[in-house]
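Asker: Quick one, work.txt (compact mmCIF, C-alpha atoms and all ligand atoms):
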# COMPACT_ATOMS: atom_id res chain seq x y z
CA MET B 1 30.99 70.81 -17.28
CA GLU B 2 27.31 70.63 -18.04
CA ASN B 3 28.17 68.99 -21.34
CA GLU B 4 30.46 66.51 -19.69
CA LEU B 5 27.68 65.54 -17.25
CA ARG B 6 25.12 65.10 -19.99
CA GLN B 7 27.64 63.07 -21.97
CA LEU B 8 28.18 60.80 -18.97
CA LEU B 9 24.42 60.21 -18.72
CA ALA B 10 24.21 59.28 -22.42
CA GLU B 11 27.25 57.03 -22.11
CA ALA B 12 25.79 55.29 -19.03
CA GLN B 13 22.40 54.77 -20.67
CA ALA B 14 24.01 53.22 -23.75
CA LYS B 15 26.25 50.96 -21.68
CA LEU B 16 23.52 49.77 -19.32
CA SER B 17 21.03 48.95 -22.04
CA ALA B 18 23.64 46.60 -23.53
CA VAL B 19 24.80 44.88 -20.31
CA ASP B 20 23.73 41.25 -20.26
CA THR B 21 24.84 39.78 -16.94
CA MET B 22 24.41 40.83 -13.31
CA ALA B 23 28.19 40.65 -12.85
CA ASP B 24 28.80 43.15 -15.70
CA LEU B 25 26.14 45.39 -14.24
CA GLU B 26 27.98 45.45 -10.93
CA VAL B 27 31.25 46.33 -12.67
CA ALA B 28 29.50 49.20 -14.45
CA ARG B 29 27.99 50.40 -11.16
CA ILE B 30 31.42 50.71 -9.57
CA GLU B 31 32.88 52.37 -12.68
CA ILE B 32 30.14 55.05 -12.93
CA LEU B 33 28.60 55.52 -9.48
CA GLY B 34 31.41 54.24 -7.24
CA ARG B 35 33.25 56.40 -4.70
CA LYS B 36 36.04 56.90 -7.24
CA GLY B 37 33.73 56.53 -10.27
CA LYS B 38 33.25 58.84 -13.23
CA LEU B 39 30.41 60.84 -11.66
CA ALA B 40 32.35 61.47 -8.46
CA GLU B 41 35.40 62.58 -10.50
CA LEU B 42 33.31 65.07 -12.49
CA LEU B 43 31.67 66.50 -9.39
CA LYS B 44 35.06 67.31 -7.89
CA GLY B 45 35.08 70.22 -10.40
CA LEU B 46 32.11 71.82 -8.57
CA ALA B 47 34.42 73.21 -5.88
CA ALA B 48 36.07 75.59 -8.35
CA LEU B 49 32.81 77.17 -9.53
CA SER B 50 31.12 80.37 -8.42
CA ILE B 51 27.92 80.21 -6.33
CA GLU B 52 25.75 81.09 -9.33
CA GLU B 53 27.37 78.40 -11.48
CA LYS B 54 27.09 75.88 -8.66
CA LYS B 55 23.31 76.38 -8.59
CA VAL B 56 22.97 75.67 -12.30
CA ILE B 57 25.45 72.82 -12.51
CA GLY B 58 24.21 71.33 -9.22
CA ALA B 59 20.72 71.01 -10.67
CA VAL B 60 22.10 69.38 -13.83
CA ALA B 61 24.23 67.01 -11.73
CA ASN B 62 21.16 65.86 -9.76
CA GLU B 63 19.22 65.31 -12.95
CA VAL B 64 22.10 63.28 -14.42
CA LYS B 65 22.52 61.20 -11.25
CA THR B 66 18.81 60.40 -11.13
CA GLY B 67 18.91 59.48 -14.82
CA ILE B 68 21.86 57.12 -14.31
CA GLU B 69 20.20 55.44 -11.31
CA LYS B 70 17.02 54.92 -13.31
CA ALA B 71 19.07 53.32 -16.08
CA PHE B 72 20.59 50.96 -13.51
CA MET B 73 17.17 49.99 -12.15
CA GLU B 74 15.88 49.29 -15.63
CA ALA B 75 18.90 47.16 -16.49
CA GLU B 76 18.59 45.25 -13.23
CA SER B 77 14.92 44.50 -13.71
CA ARG B 78 15.51 43.47 -17.33
CA LEU B 79 18.24 41.03 -16.25
CA SER B 80 16.25 39.51 -13.38
CA VAL B 81 13.21 38.92 -15.56
CA ALA B 82 15.47 37.17 -18.07
CA ALA B 83 17.05 35.04 -15.31
CA ALA B 84 13.66 34.05 -13.92
CA SER B 85 12.30 33.03 -17.27
CA ALA B 86 15.44 30.99 -18.00
CA LYS B 87 14.96 29.29 -14.64
CA ASN B 88 11.29 28.60 -15.36
CA GLU B 89 12.28 27.15 -18.67
CA SER B 90 14.76 24.72 -17.12
CA GLU B 91 12.81 23.86 -13.98
CA TRP B 92 9.31 23.85 -15.29
CA LEU B 93 6.96 22.11 -12.90
CA ASP B 94 3.45 20.97 -13.59
CA VAL B 95 1.87 21.12 -10.15
CA THR B 96 -1.21 19.27 -11.38
CA LEU B 97 0.73 16.05 -12.10
CA PRO B 98 0.24 13.28 -9.53
CA GLY B 99 3.21 13.06 -7.12
CA ILE B 100 5.69 10.22 -6.69
CA ALA B 101 4.61 8.28 -3.61
CA PRO B 102 7.54 7.77 -1.20
CA GLU B 103 8.37 4.12 -0.67
CA VAL B 104 7.05 3.04 2.72
CA GLY B 105 8.76 0.09 4.35
CA HIS B 106 7.38 -2.32 6.92
CA ALA B 107 8.77 -4.58 9.59
CA HIS B 108 10.36 -7.84 8.44
CA LEU B 109 8.07 -10.82 8.97
CA THR B 110 10.35 -12.15 11.72
CA THR B 111 10.11 -8.82 13.54
CA GLN B 112 6.32 -8.91 13.16
CA ALA B 113 6.25 -12.42 14.64
CA ILE B 114 8.46 -11.35 17.57
CA GLU B 115 6.06 -8.50 18.34
CA ASP B 116 3.02 -10.80 18.14
CA ILE B 117 4.63 -13.40 20.38
CA THR B 118 5.74 -10.79 22.92
CA ASN B 119 2.19 -9.37 23.09
CA ILE B 120 0.56 -12.76 23.62
CA PHE B 121 2.83 -13.65 26.53
CA ALA B 122 2.45 -10.15 27.97
CA HIS B 123 -1.22 -11.00 28.54
CA LEU B 124 -0.08 -13.81 30.82
CA GLY B 125 2.25 -11.50 32.73
CA PHE B 126 5.46 -12.55 30.97
CA VAL B 127 8.05 -9.77 30.74
CA ARG B 128 10.29 -9.54 27.69
CA SER B 129 13.98 -9.70 28.49
CA ARG B 130 17.19 -9.91 26.48
CA HIS B 131 20.33 -11.85 27.30
CA PRO B 132 23.75 -11.95 25.62
CA GLU B 133 24.00 -13.59 22.22
CA VAL B 134 27.74 -13.99 22.74
CA ASP B 135 28.05 -15.79 26.05
CA TRP B 136 30.11 -18.21 28.09
CA ASP B 137 29.90 -22.00 27.96
CA TYR B 138 28.71 -21.98 31.56
CA TYR B 139 25.38 -20.25 30.78
CA ALA B 140 24.75 -22.10 27.52
CA PHE B 141 25.64 -25.60 28.76
CA GLU B 142 27.21 -26.10 32.17
CA ALA B 143 24.47 -24.35 34.16
CA MET B 144 21.88 -26.05 31.94
CA ASN B 145 22.88 -29.42 33.37
CA MET B 146 25.16 -30.28 30.47
CA PRO B 147 28.66 -30.70 31.91
CA SER B 148 31.60 -30.50 29.52
CA ASP B 149 32.10 -33.59 27.38
CA HIS B 150 28.46 -34.55 27.79
CA PRO B 151 27.28 -36.08 24.48
CA ALA B 152 24.01 -34.09 24.60
CA ARG B 153 26.06 -31.04 23.64
CA ASP B 154 26.55 -32.51 20.18
CA ASP B 155 22.94 -31.61 19.36
CA TRP B 156 23.86 -27.93 19.60
CA GLU B 157 26.33 -27.44 16.79
CA THR B 158 28.07 -24.56 18.44
CA PHE B 159 30.21 -21.72 17.12
CA PHE B 160 33.04 -20.83 19.47
CA VAL B 161 34.68 -17.42 19.42
CA ARG B 162 38.40 -17.35 18.65
CA GLY B 163 40.78 -14.56 19.58
CA GLU B 164 43.48 -13.03 17.40
CA ASN B 165 45.88 -15.84 18.31
CA GLY B 166 43.46 -18.39 16.84
CA GLU B 167 42.63 -19.92 20.24
CA VAL B 168 39.06 -20.12 21.55
CA LYS B 169 38.57 -17.28 24.02
CA THR B 170 38.22 -18.57 27.57
CA GLY B 171 37.19 -16.88 30.79
CA ALA B 172 36.21 -17.83 34.34
CA LYS B 173 32.91 -19.22 32.97
CA GLY B 174 34.50 -21.34 30.29
CA LYS B 175 34.76 -20.89 26.53
CA MET B 176 33.21 -17.99 24.69
CA LEU B 177 30.54 -18.96 22.17
CA LEU B 178 27.62 -17.71 20.11
CA THR B 179 24.52 -18.87 21.97
CA PRO B 180 23.11 -21.95 20.23
CA HIS B 181 19.80 -21.51 22.09
CA THR B 182 18.12 -18.84 24.20
CA SER B 183 18.29 -21.11 27.27
CA ASN B 184 21.47 -19.31 28.37
CA GLY B 185 19.02 -16.65 29.63
CA GLN B 186 17.51 -18.97 32.25
CA VAL B 187 20.28 -18.91 34.84
CA ARG B 188 21.17 -15.31 33.93
CA GLU B 189 17.58 -14.30 34.70
CA MET B 190 17.66 -16.15 38.03
CA GLU B 191 20.95 -14.45 38.91
CA LYS B 192 19.11 -11.11 38.87
CA GLY B 193 17.55 -12.33 42.13
CA VAL B 194 14.01 -11.07 41.50
CA PHE B 195 11.33 -13.72 42.06
CA PRO B 196 8.92 -15.01 40.95
CA ILE B 197 10.08 -14.99 37.30
CA ARG B 198 7.83 -14.88 34.26
CA MET B 199 10.25 -14.21 31.45
CA ILE B 200 9.90 -14.27 27.69
CA SER B 201 13.36 -13.91 26.18
CA ILE B 202 13.56 -13.58 22.40
CA GLY B 203 16.92 -13.49 20.69
CA LYS B 204 19.21 -14.78 18.01
CA CYS B 205 20.74 -18.24 18.08
CA PHE B 206 23.64 -19.59 16.07
CA ARG B 207 24.46 -23.11 14.95
CA ARG B 208 26.83 -24.63 12.44
CA GLN B 209 24.16 -25.56 9.97
CA ALA B 210 22.97 -24.09 6.70
CA ASP B 211 20.75 -25.96 4.30
CA VAL B 212 17.24 -25.63 2.91
CA ARG B 213 15.74 -26.35 6.35
CA HIS B 214 18.33 -24.71 8.63
CA LEU B 215 19.83 -21.29 9.09
CA PRO B 216 23.14 -20.57 10.83
CA MET B 217 21.35 -17.66 12.52
CA PHE B 218 17.76 -17.94 13.66
CA HIS B 219 15.54 -16.75 16.50
CA GLN B 220 14.10 -18.49 19.51
CA PHE B 221 11.66 -17.41 22.15
CA GLU B 222 12.31 -18.78 25.58
CA GLY B 223 9.71 -18.79 28.31
CA LEU B 224 10.75 -19.26 31.91
CA VAL B 225 8.59 -19.37 35.01
CA ILE B 226 10.20 -19.76 38.41
CA ASP B 227 7.84 -19.73 41.35
CA LYS B 228 7.04 -21.66 44.51
CA LYS B 229 4.30 -23.78 42.99
CA ALA B 230 4.90 -23.94 39.25
CA SER B 231 3.29 -27.05 37.77
CA VAL B 232 2.93 -29.04 34.55
CA THR B 233 -0.73 -28.01 34.50
CA GLU B 234 0.29 -24.38 34.35
CA LEU B 235 2.83 -25.18 31.60
CA LYS B 236 0.12 -26.90 29.59
CA GLY B 237 -2.19 -23.93 30.15
CA VAL B 238 0.43 -21.44 28.96
CA CYS B 239 1.22 -23.52 25.86
CA ASP B 240 -2.44 -23.87 25.05
CA TYR B 241 -3.12 -20.16 25.51
CA PHE B 242 -0.26 -19.33 23.18
CA ALA B 243 -1.34 -21.85 20.54
CA LYS B 244 -4.93 -20.60 20.50
CA SER B 245 -3.90 -16.91 20.48
CA TYR B 246 -1.27 -17.27 17.81
CA PHE B 247 -2.64 -20.00 15.56
CA GLY B 248 -6.40 -19.74 16.11
CA PRO B 249 -9.01 -20.74 18.72
CA ASP B 250 -9.71 -24.16 17.15
CA ARG B 251 -6.13 -25.43 17.56
CA VAL B 252 -5.31 -27.87 20.35
CA THR B 253 -1.98 -28.88 21.85
CA ARG B 254 -0.51 -31.97 23.40
CA LEU B 255 2.60 -32.64 25.44
CA ARG B 256 4.58 -35.64 24.27
CA PRO B 257 7.22 -37.11 26.61
CA TYR B 258 10.76 -36.35 25.50
CA HIS B 259 14.20 -35.91 26.97
CA PHE B 260 16.21 -32.74 27.55
CA ARG B 261 19.06 -32.29 30.01
CA PHE B 262 17.71 -29.05 31.45
CA THR B 263 14.13 -30.09 32.12
CA GLU B 264 12.61 -32.99 34.07
CA PRO B 265 10.09 -34.14 33.03
CA SER B 266 10.57 -32.96 29.43
CA PHE B 267 8.11 -32.71 26.58
CA GLU B 268 7.76 -31.88 22.95
CA LEU B 269 4.79 -29.63 22.37
CA ASP B 270 2.65 -30.59 19.39
CA ILE B 271 -0.13 -28.55 17.88
CA SER B 272 -3.03 -29.89 15.84
CA CYS B 273 -2.54 -29.54 12.08
CA SER B 274 -4.40 -26.71 10.36
CA VAL B 275 -4.77 -28.56 7.07
CA CYS B 276 -6.40 -31.78 8.29
CA GLY B 277 -7.77 -30.41 11.56
CA GLY B 278 -5.79 -32.98 13.56
CA THR B 279 -7.23 -36.05 11.82
CA GLY B 280 -4.17 -36.75 9.66
CA LYS B 281 -6.34 -37.21 6.58
CA VAL B 282 -7.80 -34.95 3.91
CA ASP B 283 -10.54 -36.64 1.83
CA GLU B 284 -9.38 -40.09 2.96
CA VAL B 285 -5.83 -39.29 1.76
CA LYS B 286 -2.91 -38.85 4.17
CA CYS B 287 -2.34 -35.15 5.02
CA LYS B 288 0.70 -33.76 3.20
CA LEU B 289 1.61 -31.27 5.93
CA CYS B 290 1.64 -33.26 9.15
CA LYS B 291 2.45 -36.61 10.64
CA GLU B 292 -0.82 -38.12 11.85
CA GLY B 293 -2.59 -34.85 12.59
CA TRP B 294 0.08 -33.14 14.70
CA LEU B 295 2.85 -30.62 14.05
CA GLU B 296 5.85 -30.33 16.30
CA LEU B 297 6.29 -26.86 17.83
CA GLY B 298 9.26 -27.36 20.16
CA GLY B 299 10.60 -28.41 23.53
CA ALA B 300 9.22 -27.68 26.99
CA GLY B 301 9.43 -29.07 30.49
CA MET B 302 9.78 -28.52 34.21
CA VAL B 303 13.08 -26.82 35.04
CA HIS B 304 15.63 -29.42 36.22
CA PRO B 305 16.55 -29.13 39.93
CA ASN B 306 20.23 -28.73 38.95
CA VAL B 307 19.34 -25.66 36.85
CA ILE B 308 17.39 -24.20 39.76
CA LYS B 309 20.43 -24.80 41.97
CA ALA B 310 22.69 -23.12 39.37
CA GLY B 311 20.35 -20.13 39.60
CA GLY B 312 21.07 -19.94 43.34
CA LEU B 313 17.72 -21.32 44.52
CA ASP B 314 16.67 -24.31 46.61
CA PRO B 315 14.83 -26.78 44.34
CA ASP B 316 12.81 -27.98 47.35
CA GLU B 317 11.39 -24.49 47.68
CA TYR B 318 11.25 -23.30 44.07
CA SER B 319 10.10 -24.99 40.90
CA GLY B 320 9.56 -23.79 37.37
CA PHE B 321 8.88 -24.57 33.76
CA ALA B 322 10.48 -23.49 30.55
CA PHE B 323 10.01 -23.75 26.82
CA GLY B 324 12.13 -22.68 23.87
CA TRP B 325 10.76 -22.55 20.36
CA GLY B 326 11.98 -21.25 17.02
CA VAL B 327 10.44 -17.98 15.87
CA GLU B 328 10.89 -18.74 12.16
CA ARG B 329 9.42 -22.22 12.46
CA THR B 330 6.45 -20.99 14.48
CA MET B 331 5.61 -18.11 12.16
CA MET B 332 5.91 -20.31 9.08
CA MET B 333 3.53 -22.79 10.66
CA ARG B 334 1.00 -20.06 11.26
CA ALA B 335 1.20 -18.59 7.79
CA GLY B 336 0.99 -22.11 6.32
CA LEU B 337 4.17 -21.16 4.49
CA ASN B 338 5.78 -24.04 2.73
CA ILE B 339 9.10 -22.50 1.79
CA ASP B 340 11.42 -24.67 -0.29
CA ASP B 341 14.49 -22.98 1.11
CA ILE B 342 14.19 -21.31 4.51
CA ARG B 343 17.30 -19.21 3.81
CA ILE B 344 15.20 -16.88 1.62
CA LEU B 345 13.96 -15.27 4.85
CA TYR B 346 17.25 -13.41 5.20
CA LYS B 347 18.35 -12.95 1.60
CA ASN B 348 16.87 -9.43 1.39
CA ASP B 349 14.97 -10.35 -1.74
CA LEU B 350 12.28 -7.67 -1.71
CA ARG B 351 10.01 -9.64 -4.02
CA PHE B 352 9.68 -12.16 -1.19
CA ILE B 353 9.77 -9.75 1.76
CA ARG B 354 7.08 -7.43 0.36
CA GLN B 355 4.50 -10.21 0.42
CA PHE B 356 4.22 -10.07 4.19
ZN ZN K 401 -2.40 -32.43 8.74
Could you render the structure as structure tokens?
Ligand SMILES: [Zn+2]
Answerer:
Amino acid sequence: MENELRQLLAEAQAKLSAVDTMADLEVARIEILGRKGKLAELLKGLAALSIEEKKVIGAVANEVKTGIEKAFMEAESRLSVAAASAKNESEWLDVTLPGIAPEVGHAHLTTQAIEDITNIFAHLGFVRSRHPEVDWDYYAFEAMNMPSDHPARDDWETFFVRGENGEVKTGAKGKMLLTPHTSNGQVREMEKGVFPIRMISIGKCFRRQADVRHLPMFHQFEGLVIDKKASVTELKGVCDYFAKSYFGPDRVTRLRPYHFRFTEPSFELDISCSVCGGTGKVDEVKCKLCKEGWLELGGAGMVHPNVIKAGGLDPDEYSGFAFGWGVERTMMMRAGLNIDDIRILYKNDLRFIRQF
């Protein structure tokens, strides 16, 4: 039996020094040291021996078991060193190399402009609000003093929303449409019933137009003040404050009489040209950017009494002023951007977007 034990040790040592994967090592472990392994089988023979023999053979058995376990540990450490060096070989990393900087994005220039505009009006106590961009005819036109079939509606080339049956969707407030201007927010804001109002609503607008100067989707910012003593003077002051804050302290504004259905009186707001400083001429030559020293920013005016009535108020008690200007147009004026095709703003061309 002593011989058999010593033979098992020699056999195990030979086998383990040749094993070359962890999986084979595990198989060998079960075969030799397992509960039903070769060592356990041999030791069953101990029961038949005399006490004297047991002492001798028991000592040999311990020696053999220790020897086998040592052989396992050596094989295991040999294999793990080999695995680690193979891994190092394949995943070698030079920690002294400079890293790859993660690409950091930034807000789109329209988003930046919206934030700037919001902050400027916040200084005057205007609160940003949002109104639906899919709305009813009533809020976009009817309540804005443009009854159905009124020719003024033609200026807003409107998208209507059709249902599955191909018909324009219609509800209690008329046809469903994509808002062609942010003015739909005026009566909606009044319907909240909290006065006075100093609202700056910035949102998307949609019109059936797409060419180098027009986008089918663009942004407007709509200011609305409803109070008991709102005046043209205050409107002029607000416009002027915005122009100086956004475009620079040397810019001046003027209100030019105009006509809109939802304001009375109505104005176009012009701002002095940055290139010629409002003179219309650069070195005795006509300025290429402006018409006679002024650039057109957008419409403004005192809220029409019919709109105030639509908002549930008495026009003899309340008055107000409003303005609605294009975000894209305004930001391009500030940056002095002369873009050949305005549609590039939303083409996701990173070469363009990264410049801002
Ligand atoms: Zn000019």
Asker: Taking all atoms listed in the file into account, produce a table as JSON lines in which each residue of chain B with an atom at most 7 Å from an atom of ligand ZN 401 (chain K) appears once, together with its shortest atom pair and the distance in Å to one decimal, ordered by chain and rising number.
Answerer:
{"residue": "B:Cys273", "atom": "CA", "partner": "K:ZN401", "partner_atom": "ZN", "distance": 4.4}
{"residue": "B:Ser274", "atom": "CA", "partner": "K:ZN401", "partner_atom": "ZN", "distance": 6.3}
{"residue": "B:Val275", "atom": "CA", "partner": "K:ZN401", "partner_atom": "ZN", "distance": 4.8}
{"residue": "B:Cys276", "atom": "CA", "partner": "K:ZN401", "partner_atom": "ZN", "distance": 4.1}
{"residue": "B:Gly277", "atom": "CA", "partner": "K:ZN401", "partner_atom": "ZN", "distance": 6.4}
{"residue": "B:Gly278", "atom": "CA", "partner": "K:ZN401", "partner_atom": "ZN", "distance": 5.9}
{"residue": "B:Thr279", "atom": "CA", "partner": "K:ZN401", "partner_atom": "ZN", "distance": 6.8}
{"residue": "B:Gly280", "atom": "CA", "partner": "K:ZN401", "partner_atom": "ZN", "distance": 4.8}
{"residue": "B:Lys281", "atom": "CA", "partner": "K:ZN401", "partner_atom": "ZN", "distance": 6.6}
{"residue": "B:Cys287", "atom": "CA", "partner": "K:ZN401", "partner_atom": "ZN", "distance": 4.6}
{"residue": "B:Lys288", "atom": "CA", "partner": "K:ZN401", "partner_atom": "ZN", "distance": 6.5}
{"residue": "B:Leu289", "atom": "CA", "partner": "K:ZN401", "partner_atom": "ZN", "distance": 5.0}
{"residue": "B:Cys290", "atom": "CA", "partner": "K:ZN401", "partner_atom": "ZN", "distance": 4.1}
{"residue": "B:Lys291", "atom": "CA", "partner": "K:ZN401", "partner_atom": "ZN", "distance": 6.7}
{"residue": "B:Glu292", "atom": "CA", "partner": "K:ZN401", "partner_atom": "ZN", "distance": 6.7}
{"residue": "B:Gly293", "atom": "CA", "partner": "K:ZN401", "partner_atom": "ZN", "distance": 4.6}
{"residue": "B:Trp294", "atom": "CA", "partner": "K:ZN401", "partner_atom": "ZN", "distance": 6.5}
Asker: Can you write just those residues out, C-alpha atoms, as a PDB file, in the frame of the given file?
Answerer:
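And here's result18.pdb as it stands now:
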ATOM      1  CA  CYS B 273      -2.540 -29.540  12.080  1.00  0.00           C
ATOM      2  CA  SER B 274      -4.400 -26.710  10.360  1.00  0.00           C
ATOM      3  CA  VAL B 275      -4.770 -28.560   7.070  1.00  0.00           C
ATOM      4  CA  CYS B 276      -6.400 -31.780   8.290  1.00  0.00           C
ATOM      5  CA  GLY B 277      -7.770 -30.410  11.560  1.00  0.00           C
ATOM      6  CA  GLY B 278      -5.790 -32.980  13.560  1.00  0.00           C
ATOM      7  CA  THR B 279      -7.230 -36.050  11.820  1.00  0.00           C
ATOM      8  CA  GLY B 280      -4.170 -36.750   9.660  1.00  0.00           C
ATOM      9  CA  LYS B 281      -6.340 -37.210   6.580  1.00  0.00           C
ATOM     10  CA  CYS B 287      -2.340 -35.150   5.020  1.00  0.00           C
ATOM     11  CA  LYS B 288       0.700 -33.760   3.200  1.00  0.00           C
ATOM     12  CA  LEU B 289       1.610 -31.270   5.930  1.00  0.00           C
ATOM     13  CA  CYS B 290       1.640 -33.260   9.150  1.00  0.00           C
ATOM     14  CA  LYS B 291       2.450 -36.610  10.640  1.00  0.00           C
ATOM     15  CA  GLU B 292      -0.820 -38.120  11.850  1.00  0.00           C
ATOM     16  CA  GLY B 293      -2.590 -34.850  12.590  1.00  0.00           C
ATOM     17  CA  TRP B 294       0.080 -33.140  14.700  1.00  0.00           C
TER      18      TRP B 294
END
Asker: B:Lys36, B:Arg256, B:Lys309, B:Lys204: which is nearest B:Ser183, counting all atoms listed in the file?
Answerer: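 Closest residue, counting all atoms listed in the file: B:Lys204.
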Asker: So the first atom is atom CA of B:Gly203 and the second is atom CA of B:Thr179; what is the distance between them in Å, to one decimal place?
Answerer: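 Atom-to-atom, atom CA of B:Gly203 and atom CA of B:Thr179 are spaced 9.4 Å apart.
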Asker: Could you please determine the separation between atom CA of B:Ser272 and atom CA of B:Ser201 in Å, to one decimal place?
Answerer: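 Computed distance, atom CA of B:Ser272 to atom CA of B:Ser201, equals 25.1 Å.
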Asker: Kindly give the distance, in Å, that separates atom CA of B:Gln209 and atom CA of B:Thr158, rounded to a single decimal.
Answerer: 9.4 Å
Asker: Can you work out which one of B:Asp116, B:Glu26, B:Asp316, B:Asp154 has the shortest atom-to-atom distance to B:His304, counting only C-alpha atoms?
Answerer: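 Ranked by minimum distance to B:His304, first place goes to B:Asp316.
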Asker: Please determine, counting all atoms listed in the file, which residue among B:Ile200, B:Val19, B:Ala122, B:Ala143 has the shortest atom-to-atom distance to B:Asn184.
Answerer: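 Using all atoms listed in the file, the shortest distance to B:Asn184 belongs to B:Ala143.
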Asker: Give me the residues within 8 Å of B:Phe262 as a PDB file with C-alpha atoms, in the coordinates of the input, counting all atoms listed in the file and dropping any in the same chain fewer than 5 places off.
Answerer:
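Output (part_17.pdb):
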ATOM      1  CA  MET B 144      21.880 -26.050  31.940  1.00  0.00           C
ATOM      2  CA  ASN B 145      22.880 -29.420  33.370  1.00  0.00           C
ATOM      3  CA  MET B 146      25.160 -30.280  30.470  1.00  0.00           C
ATOM      4  CA  VAL B 303      13.080 -26.820  35.040  1.00  0.00           C
ATOM      5  CA  HIS B 304      15.630 -29.420  36.220  1.00  0.00           C
ATOM      6  CA  ASN B 306      20.230 -28.730  38.950  1.00  0.00           C
ATOM      7  CA  VAL B 307      19.340 -25.660  36.850  1.00  0.00           C
TER       8      VAL B 307
END
Asker: Which of these, B:Leu9, B:Ala84, B:Met176, B:Ile114, has the shortest distance to B:Pro132 once you count only C-alpha atoms?
Answerer: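 Residue with the minimum atom-to-atom distance to B:Pro132: B:Met176.
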Asker: So, with all atoms listed in the file as the atoms that count, which of B:Asp20, B:Glu2, B:Glu69, B:Glu74 lies closest to B:Glu53?
Answerer: B:Glu2
Asker: Using all atoms listed in the file, can you list as a ChimeraX atom specification the residues within 12 Å of (11.6, -34.3, 26.0)?
Answerer: /B:255-270,296,298-303,322-324
Asker: Compile the contact shell of B:Phe247 as number ranges by chain: residues with an atom at most 7 Å away, counting all atoms listed in the file, same-chain residues fewer than 4 positions apart removed.
Answerer: B: 243, 251, 334
Asker: Rank nothing, just name the residue among B:Pro196, B:Gly237, B:Gly171, B:Pro98 nearest to B:Leu313, using all atoms listed in the file.
Answerer: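 Ranked by minimum distance to B:Leu313, first place goes to B:Pro196.
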Asker: Got a sec: who's within 9 Å of B:Ile57, counting only C-alpha atoms, leaving out chain neighbours fewer than 4 positions off, as a ChimeraX atom specification?
Answerer: /B:1-2,5,46,52-53,61-62
Asker: Please provide as number ranges by chain all residues within 12 Å of B:Thr66, with the sequence filter that same-chain residues fewer than 2 positions apart are discarded (counting all atoms listed in the file).
Answerer: B: 5-6, 9, 12-13, 33, 39, 59-64, 68-73
Asker: Find the residues near B:Val187: any atom within 7 Å, counting all atoms listed in the file, skip ones fewer than 3 places away on the same chain, and give them as a list in words.
Answerer: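 My list of contacting residues is Tyr139, Ala143, Asn184, Met190, Glu191, Ala310 and Gly311 of chain B.
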